[in-house]
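Quick notes on the structure that follows.
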Amino acid sequence: MDIHVDTPESTKAPSPAMQRQLEIWRIFIRNRKASIGMIVVGIFVFFALFGPLMIRQDPHTFTIDVLQSPSGSHWFGTTNFGEDVLVQTVIGARLSVFMGLGIGLITTIISVLVGLTAGYFLGWVDEMLSLLTNVFLVLPTLPLAILLAAFLPNKGPFAIGFILMITGWSWGARVLRSQTLSLRNRDCVEASRASGESIWRLIFYEILPNQTAIVAAQFFGTVTYVILAETALEYLGLGDITAPTWGNMLFSASTNSALLRGAWWWFLPPGLCIALLGAALTFVNFGIDEIANPRLRAESRGVRRLFKKFQV
Amino acid sequence: MRHLLRRISFYLVALWASVTVNFLVPHLAPGDPAQVFMSRMRGHASPQMLRALEASLGVSHDPLLVQYGQYLNNLLHGNLGVSIIYSFEPVTKVLGQDLPWTLVLVGMSLVMSFVIGTILGVIVVWRRGSLSDAFFTPFFAFISAIPYFWLALVLLYVLGSQLNWFPLHGGYDADTVEPGWNFDFIMSAAQYSVLPALTIVIGSISGWMLGMRNAMITTLSEDYVLMAEAKGLKQGRIMYMYAARNAILPNITAFALSLGFVVSGSLLTEIVFSYPGIGLATLQAVNSHDYALLQGAFLVISVAVLVANFLADFLYTLLDPRVRLGGQ
């Protein structure tokens with residue numbers, strides 16, 4: 001449907017599909033919320049990747065500088081074992097960020113599989129999958145995660161990942177199912193069906209690409225959920241206590257009553273990191289929302305027309 | 001009516017699922033409560049003691065299906081087992097004492113944050129483009145990403161520990177007042193609940209506000225709003241009687257769906273403030289491997305969330321004629 005005007009630049013430009021992707025990317029970058037969010041997420045990913053290389057220090061090194069407030073030698077202060085809070089925060093980024101991204105990705109894949117299958121096949125497949133999705137949706141997630149974590153014999157990253165996956169997939173599956181329902185009878189899908197494409201090709205090459213924005217939004221939302229839930233479990237002491245993560249920092253801060261001792265520097269950095277990262281992910285989602293739903297954009301004429309009146 | 005029946009049967013299935021999960025998880029995990037209790041005695045217990053303990057904790061070695069039957073039967077008779085940490089009192093009694101605290105705290109803060117958030121959402125859309133949208137939306141996005149328990153820690157540190165405005169932990173002043181329906185107790189409980197309630201309100205408000213904002217924007221570009229404008233109605237009337245009334249419907253659905261998250265957040269909030277509700281009981285159960293209490297807490301929470309969901313569903317059916325008449 002794209003109409004191309006051949007300009008000198010576009011003669012050696014890539015294929016229309018590539019161009020369309022470039023165009024989406026350009027809209028994405030031009031969207032202020034999305035780009036601010038992406039930059040912040042990028043900074044965290046950078047620290048997660050290279051932070052442990054820059055700071056070659058064991059986060060659990062005990063020193064004699066016990067419970068010191070931020071100073072020149074310990075920028076973020078120390079814990080009551082003399083561990084450096086800055087080192088712990090930077091090293092903690094690795095597990096917290098990558099657990100979030102990794103588990104978020106797998107969880108989103110599960111949502112996509114369940115949602116698209118249910119929405120495309122309808123009938124009893126849909127009935128069963130929708131029932132399962134809706135049941136998981138009304139079960140309170142964190143209590144369920146606590147119940148599972150309390151009974152799991154080993155609490156390594158895989159066990160925690162498994163729990164977060166089980167409790168996190170249903171929301172995305174529901175959204176994607178209803179979107180698939182509205183897409184499955186579009187002309188493009190009908191045409192491919194008539195030309196004898198296989199069902200899986202229909203689902204993953206015709207329907208899925210039309211939901212890229214929603215899948216992306218689900219992914220970022222799930223990552224936020226995973227990071228928050230993981231931190232919560234660790235804060236309750238239900239995670240892998242030895243792992244250097246932000247949640248475990250908060251856990252040890254609270255078990256050593258950092259609060260009563262006035263050691264604000266101990267629990268402030270990890271929580272602030274989580275809040276910043278979560279806010280950045282939410283921002284990316286706002287951006288995606290605005291790109292996919294032009295009505296939400298500030299430029300939207302209908303709204304502007306109304307609001308001009310309010311502002312006079 | 002058909003819609004309502006469908007929903008009721010769905011909630012019955014969901015109830016069955018949560019009961020079954022509650023039964024299966026502990027039984028598929030290795031070990032049982034009696035063994036955990038014994039291992040804490042460090043082997044200073046005879047086999048007779050183990051057997052007595054198994055009997056009182058309801059551990060049996062029957063096939064899983066038989067145990068499942070017994071479990072359901074016990075549930076129907078309101079028997080959730082006994083709690084180890086509360087000196088073998090029935091779990092129902094322990095949770096019965098905790099539940100009112102949680103219900104009052106979470107219920108009141110939820111309603112407050114929903115009402116304030118929804119109104120804020122309308123106002124932000126109203127003043128769209130001005131400072132409030134540029135400032136409020138990012139600000140609330142940031143707030144919505146803060147973990148509840150961390151927010152609780154910060155509030156506790158600043159308002160409780162440093163400024164000394166509010167008590168640090170507990171549900172009431174146990175030294176001076178006696179729990180009961182008297183003025184002193186209620187005032188003390190209210191004072192102790194300010195910080196936890198503030199945490200829950202701040203933590204959950206942005207969800208309703210942002211949801212309402214998006215729904216409002218979508219509604220404002222509908223034709224009937226244009227029509228209302230063309231008729232020359234007052235802007236306030238368009239905002240509240242035409243746009244907000246329709247935009248609030250998706251927000252009520254969102255309310256129902258995010259209940260689980262808010263309840264999860266309030267559990268953590270209770271834990272930070274040592275507020276004597278279900279959340280604190282859950283933490284104690286986790287820390288001391290009190291499995292019966294943990295299961296009971298999960299059951300109570302999931303039933304409460306199911307009931308709240310059902311009420312929201314019911315409200316939605318009342319408000320939206322399309323759903324009410326959909327079956328006909």
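By convention in this document, the chains of the structure tokens carry letters A, B, ... by their order, each chain's residues are numbered from 1, and ligands are numbered from 1 in the order they are shown.
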Distance filter 6 Å, only C-alpha atoms, chain A against chain B, as a PDB file with N, CA and C atoms, in the first residue's frame:
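Saved to iface-v2.pdb:
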ATOM      1  N   VAL A 135      -8.583 -17.617  34.769  1.00  0.00           N
ATOM      2  CA  VAL A 135      -8.383 -18.108  36.127  1.00  0.00           C
ATOM      3  C   VAL A 135      -7.065 -17.569  36.665  1.00  0.00           C
ATOM      4  N   LEU A 139      -6.335 -15.034  40.029  1.00  0.00           N
ATOM      5  CA  LEU A 139      -5.565 -15.481  41.192  1.00  0.00           C
ATOM      6  C   LEU A 139      -4.558 -14.391  41.533  1.00  0.00           C
ATOM      7  N   PRO A 140      -4.514 -13.953  42.792  1.00  0.00           N
ATOM      8  CA  PRO A 140      -3.572 -12.884  43.143  1.00  0.00           C
ATOM      9  C   PRO A 140      -2.132 -13.359  42.931  1.00  0.00           C
ATOM     10  N   LEU A 142       1.153 -12.168  43.550  1.00  0.00           N
ATOM     11  CA  LEU A 142       2.238 -12.250  44.532  1.00  0.00           C
ATOM     12  C   LEU A 142       1.992 -13.321  45.596  1.00  0.00           C
ATOM     13  N   PHE A 151       7.380 -23.275  49.050  1.00  0.00           N
ATOM     14  CA  PHE A 151       7.416 -24.733  49.017  1.00  0.00           C
ATOM     15  C   PHE A 151       8.484 -25.292  48.101  1.00  0.00           C
ATOM     16  N   GLY A 271      16.224   0.625  45.695  1.00  0.00           N
ATOM     17  CA  GLY A 271      14.820   0.939  45.417  1.00  0.00           C
ATOM     18  C   GLY A 271      14.686   1.996  44.345  1.00  0.00           C
ATOM     19  N   ALA A 275      12.789   1.759  40.781  1.00  0.00           N
ATOM     20  CA  ALA A 275      11.751   2.714  40.403  1.00  0.00           C
ATOM     21  C   ALA A 275      12.104   3.398  39.083  1.00  0.00           C
ATOM     22  N   GLY A 278      11.809   0.866  36.237  1.00  0.00           N
ATOM     23  CA  GLY A 278      10.397   0.595  35.996  1.00  0.00           C
ATOM     24  C   GLY A 278       9.717   1.768  35.311  1.00  0.00           C
ATOM     25  N   ALA A 279      10.047   2.999  35.761  1.00  0.00           N
ATOM     26  CA  ALA A 279       9.438   4.175  35.150  1.00  0.00           C
ATOM     27  C   ALA A 279       9.868   4.294  33.702  1.00  0.00           C
ATOM     28  N   GLY A 302      -8.698  15.928  17.065  1.00  0.00           N
ATOM     29  CA  GLY A 302      -9.984  15.922  17.750  1.00  0.00           C
ATOM     30  C   GLY A 302      -9.863  16.470  19.162  1.00  0.00           C
TER      31      GLY A 302
END
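Of the residues in stretch 68-230 of chain B, those that DSSP places in strand (DSSP E) on the basis of the backbone are Val82, Ser83, Glu89 and Pro90 of chain B.
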Requested write-out: N, CA and C atoms of the selected residues, as an mmCIF file, in the first residue's frame:
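Output below, filename out_20.cif:
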data_model
loop_
_atom_site.group_PDB
_atom_site.id
_atom_site.type_symbol
_atom_site.label_atom_id
_atom_site.label_comp_id
_atom_site.auth_asym_id
_atom_site.auth_seq_id
_atom_site.Cartn_x
_atom_site.Cartn_y
_atom_site.Cartn_z
ATOM 1 N N VAL B 82 -4.165 -26.431 61.864
ATOM 2 C CA VAL B 82 -3.709 -25.641 63.009
ATOM 3 C C VAL B 82 -2.403 -24.942 62.672
ATOM 4 N N SER B 83 -2.195 -23.802 63.322
ATOM 5 C CA SER B 83 -0.993 -23.016 63.077
ATOM 6 C C SER B 83 0.076 -23.366 64.101
ATOM 7 N N GLU B 89 -3.211 -23.135 67.503
ATOM 8 C CA GLU B 89 -4.586 -22.644 67.400
ATOM 9 C C GLU B 89 -5.090 -22.924 65.987
ATOM 10 N N PRO B 90 -6.411 -23.036 65.802
ATOM 11 C CA PRO B 90 -6.921 -23.235 64.439
ATOM 12 C C PRO B 90 -6.551 -22.040 63.552
#
Backbone-only DSSP, alpha helix (DSSP H) members of stretch 52-295 of chain B, as a PyMOL selection string
chain B and resi 52-57+64-76+91-126+131-144+148-155+183-220+223-230+235-237+245-273+278-287+291-295
Within 10 Å of stretch 224-231 of chain A, counting only C-alpha atoms, which residues qualify if same-chain residues fewer than 4 places away don't, as an mmCIF file with C-alpha atoms, in the first residue's frame?
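See out.cif below for the written result:
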data_model
loop_
_atom_site.group_PDB
_atom_site.id
_atom_site.type_symbol
_atom_site.label_atom_id
_atom_site.label_comp_id
_atom_site.auth_asym_id
_atom_site.auth_seq_id
_atom_site.Cartn_x
_atom_site.Cartn_y
_atom_site.Cartn_z
ATOM 1 C CA LEU A 95 21.057 -10.069 37.784
ATOM 2 C CA SER A 96 18.109 -7.747 38.307
ATOM 3 C CA VAL A 97 18.146 -6.330 34.755
ATOM 4 C CA PHE A 98 18.920 -9.552 32.930
ATOM 5 C CA MET A 99 16.557 -11.663 34.997
ATOM 6 C CA GLY A 100 13.889 -9.089 34.180
ATOM 7 C CA LEU A 101 14.628 -9.023 30.456
ATOM 8 C CA GLY A 102 15.118 -12.782 30.124
ATOM 9 C CA ILE A 103 12.106 -13.903 32.107
ATOM 10 C CA GLY A 104 10.091 -11.107 30.530
ATOM 11 C CA THR A 107 6.847 -14.968 29.550
ATOM 12 C CA THR A 141 -0.076 -13.079 41.662
ATOM 13 C CA LEU A 142 2.238 -12.250 44.532
ATOM 14 C CA ALA A 145 4.335 -16.600 43.954
ATOM 15 C CA ILE A 146 4.962 -16.576 47.708
ATOM 16 C CA PRO A 157 17.387 -18.141 39.541
ATOM 17 C CA ILE A 160 12.350 -17.907 40.707
ATOM 18 C CA GLY A 161 12.127 -17.485 36.932
ATOM 19 C CA ILE A 163 7.484 -18.895 39.427
ATOM 20 C CA LEU A 164 7.428 -15.466 37.808
ATOM 21 C CA MET A 165 6.650 -17.029 34.446
ATOM 22 C CA THR A 167 2.276 -15.931 37.536
ATOM 23 C CA GLY A 168 3.008 -13.412 34.766
ATOM 24 C CA GLN A 218 3.361 -6.570 26.708
ATOM 25 C CA PHE A 219 7.064 -7.334 26.794
ATOM 26 C CA PHE A 220 8.008 -4.096 28.527
ATOM 27 C CA TYR A 235 12.771 -8.775 50.014
ATOM 28 C CA LEU A 236 10.734 -11.422 51.825
ATOM 29 C CA GLY A 237 13.797 -13.651 51.889
ATOM 30 C CA LEU A 238 12.270 -16.097 49.410
ATOM 31 C CA GLY A 239 14.883 -15.659 46.710
ATOM 32 C CA THR A 245 20.610 -8.442 43.543
ATOM 33 C CA TRP A 246 18.738 -5.284 44.480
ATOM 34 C CA GLY A 247 16.034 -7.293 46.207
ATOM 35 C CA ASN A 248 18.583 -9.038 48.400
ATOM 36 C CA MET A 249 20.154 -5.700 49.276
ATOM 37 C CA LEU A 250 16.761 -4.535 50.541
ATOM 38 C CA PHE A 251 16.301 -7.836 52.359
ATOM 39 C CA PRO A 270 18.425 -0.267 45.096
ATOM 40 C CA GLY A 271 14.820 0.939 45.417
ATOM 41 C CA ILE A 274 14.109 -0.262 40.494
ATOM 42 C CA ALA A 275 11.751 2.714 40.403
ATOM 43 C CA LEU A 277 14.089 1.356 35.556
ATOM 44 C CA GLY A 278 10.397 0.595 35.996
ATOM 45 C CA ALA A 279 9.438 4.175 35.150
ATOM 46 C CA ALA A 280 11.623 4.069 32.035
ATOM 47 C CA LEU A 281 9.951 0.850 30.894
ATOM 48 C CA THR A 282 6.533 2.389 31.543
ATOM 49 C CA ALA B 145 6.988 1.843 39.060
ATOM 50 C CA ILE B 146 8.073 2.213 42.688
ATOM 51 C CA PRO B 147 7.864 -1.051 44.607
ATOM 52 C CA TYR B 148 5.248 -0.759 47.370
ATOM 53 C CA PHE B 149 7.517 -1.969 50.106
ATOM 54 C CA TRP B 150 10.241 0.464 49.159
ATOM 55 C CA PHE B 261 -1.689 -6.373 42.164
ATOM 56 C CA SER B 264 -0.129 -8.019 46.617
ATOM 57 C CA GLY B 265 1.273 -4.573 47.236
#
How many Å lie between atom CA of B:Leu24 and atom CA of A:Trp169, rounded to one decimal?
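About the pair atom CA of B:Leu24 and atom CA of A:Trp169: they are 20.4 Å apart.
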Tell me, in Å to one decimal, how far atom CA of A:Phe47 is from atom CA of A:Val90.
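Pair atom CA of A:Phe47 / atom CA of A:Val90 returns 6.7 Å.
Atom pair atom CA of B:Leu159 / atom CA of B:Val194: separated by 10.6 Å.
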